[in-house]
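Here is the structure we will look at.
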Amino acid sequence: MTTANACPCGSTKSYSECCEPYIKGKKKAPTAEALMRSRYSAFAKGEMDYVYNTHHESTRGELDMDGVKAWAQNSEWLGLEIRETDKGSEKDTEGKVEFKCRFVYDGKEQSHHELSTFKKENGEWFFVDGVLRNNTVRRSEPKVGRNDPCPCGSGKKAKKCCHA
């Protein structure tokens, strides 16, 4: 399989064997994770109708599809990582999928880390909503206090120098 044929969701399958049948309406995603992966692929492929149609009707009104479409089309999609799933199997009616995706937007590489909730109705999975996960910031150097000497070496306090 060439990179051009690879599914954007990061599985080892080709797009035509993985997410495309869901996006094109030939099959229904059997699990919440499969729906999450296919929605990511839909963003990467610009298939905004699929994104809209797999959004649960109870929260569809909150969607700004023009904004979503612009963001998706102006991003370079770099990869999806499924962190954890809770329920969401073929026999369940609800599930959660924690994921992290990477993309380039406005020339800057960014990541989106979310815990998504899914609901299955009449045999079909839908995305309900998502909660952003905070990315922990780790400092490589100790924090400089306002009254500490400025790290630039001026001899002034940080609050009167570079941290002003």
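Letters for chains follow the order of the structure tokens (A, B, ...), residue numbers begin at 1 for each chain, and ligand numbers begin at 1 in the order shown.
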
Extract, using only C-alpha atoms, all DNA, RNA and protein residues at most 8 Å from A:Ser111, discarding same-chain residues fewer than 4 positions from it, and format them as a list in words. Lys100, Cys101, Arg102 and Phe103 of chain A

Atomic separation - atom CA of A:Lys45 relative to atom CA of A:Lys91, Å: 29.2 Å

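Distance annotation: of A:Met48, A:Cys9, A:Val131, A:Ala29, the residue with the minimal separation from A:Ser89 is A:Ala29; atom set is only C-alpha atoms.
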
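Omitting A:Met65 and its sequence neighbours fewer than 2 positions away, and counting only C-alpha atoms, the residues within 12 Å are Phe43, Gly46, Glu47, Met48, Asp49, Tyr50, Val51, Tyr52, Asn53, His55, Arg60, Gly61, Glu62, Leu63, Gly67, Val68, Lys69, Ala70, Trp71, Ala72 and Gln73 of chain A.
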
Quick check for you: according to DSSP on this backbone, which residues of chain A are classed as helix (DSSP H, G or I)? Reply as JSON, numbers by chain. {"A": [3, 4, 5, 15, 16, 17, 20, 21, 22, 23, 32, 33, 34, 35, 36, 37, 38, 39, 40, 41, 42, 43, 44, 45, 48, 49, 50, 51, 52, 53, 60, 61, 62, 65, 66, 67, 68, 69, 70, 71, 72, 73, 158, 159, 160]}

Selection file, C-alpha atoms, as a compact mmCIF listing (two decimals), in the first residue's frame:
```txt
# COMPACT_ATOMS: atom_id res chain seq x y z
CA THR A 3 1.15 6.43 1.29
CA ALA A 4 -1.34 7.94 -1.15
CA ASN A 5 -3.70 4.98 -0.59
CA TYR A 15 -8.63 4.27 2.66
CA SER A 16 -10.94 2.21 0.39
CA GLU A 17 -10.86 -0.70 2.88
CA GLU A 20 -14.19 5.35 2.78
CA PRO A 21 -17.14 2.87 2.90
CA TYR A 22 -18.49 4.70 5.99
CA ILE A 23 -17.93 8.16 4.51
CA ALA A 32 -17.67 4.49 18.35
CA GLU A 33 -13.95 4.24 17.58
CA ALA A 34 -14.67 3.40 13.93
CA LEU A 35 -16.91 6.47 13.75
CA MET A 36 -14.20 8.61 15.38
CA ARG A 37 -11.62 7.39 12.88
CA SER A 38 -13.94 7.93 9.91
CA ARG A 39 -14.81 11.44 11.11
CA TYR A 40 -11.10 12.27 11.30
CA SER A 41 -10.66 10.90 7.77
CA ALA A 42 -13.64 12.99 6.64
CA PHE A 43 -11.92 16.13 7.99
CA ALA A 44 -8.71 15.15 6.19
CA LYS A 45 -10.56 14.44 2.91
CA MET A 48 -18.03 17.82 5.43
CA ASP A 49 -21.43 16.25 4.70
CA TYR A 50 -20.27 13.14 6.57
CA VAL A 51 -19.07 15.23 9.50
CA TYR A 52 -22.48 16.93 9.66
CA ASN A 53 -24.52 13.75 9.16
CA ARG A 60 -26.11 19.73 15.38
CA GLY A 61 -27.55 23.19 15.97
CA GLU A 62 -24.32 24.17 17.73
CA MET A 65 -20.34 24.28 9.43
CA ASP A 66 -18.83 27.19 7.49
CA GLY A 67 -16.16 27.56 10.18
CA VAL A 68 -15.62 23.81 10.43
CA LYS A 69 -15.27 23.51 6.66
CA ALA A 70 -12.81 26.41 6.45
CA TRP A 71 -10.71 24.95 9.28
CA ALA A 72 -10.70 21.46 7.73
CA GLN A 73 -9.84 22.66 4.23
CA ALA A 158 12.85 40.51 36.21
CA LYS A 159 9.78 42.72 36.80
CA LYS A 160 11.81 45.83 35.87
```

One decimal, in Å: what's the spacing between atom CA of A:Asn122 and atom CA of A:Thr93? 9.4 Å

Quick one: distance from atom CA of A:Glu98 to atom CA of A:Lys120 in Å, one decimal? 17.2 Å

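Remark: for A:Lys28, the closest of the candidate residues A:Gln110, A:Phe126, A:Ser14, A:Lys156 is A:Phe126 (distances computed over only C-alpha atoms).
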
Calculated over only C-alpha atoms, which of the candidates A:Asn134, A:Thr117, A:Thr59, A:Ser75 has the smallest distance to A:Lys87? A:Thr117

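Compared by their closest atoms to A:Gly88, and using only C-alpha atoms, the residues A:Gly123, A:Gly130, A:Gly107, A:Pro30 rank with A:Pro30 nearest.
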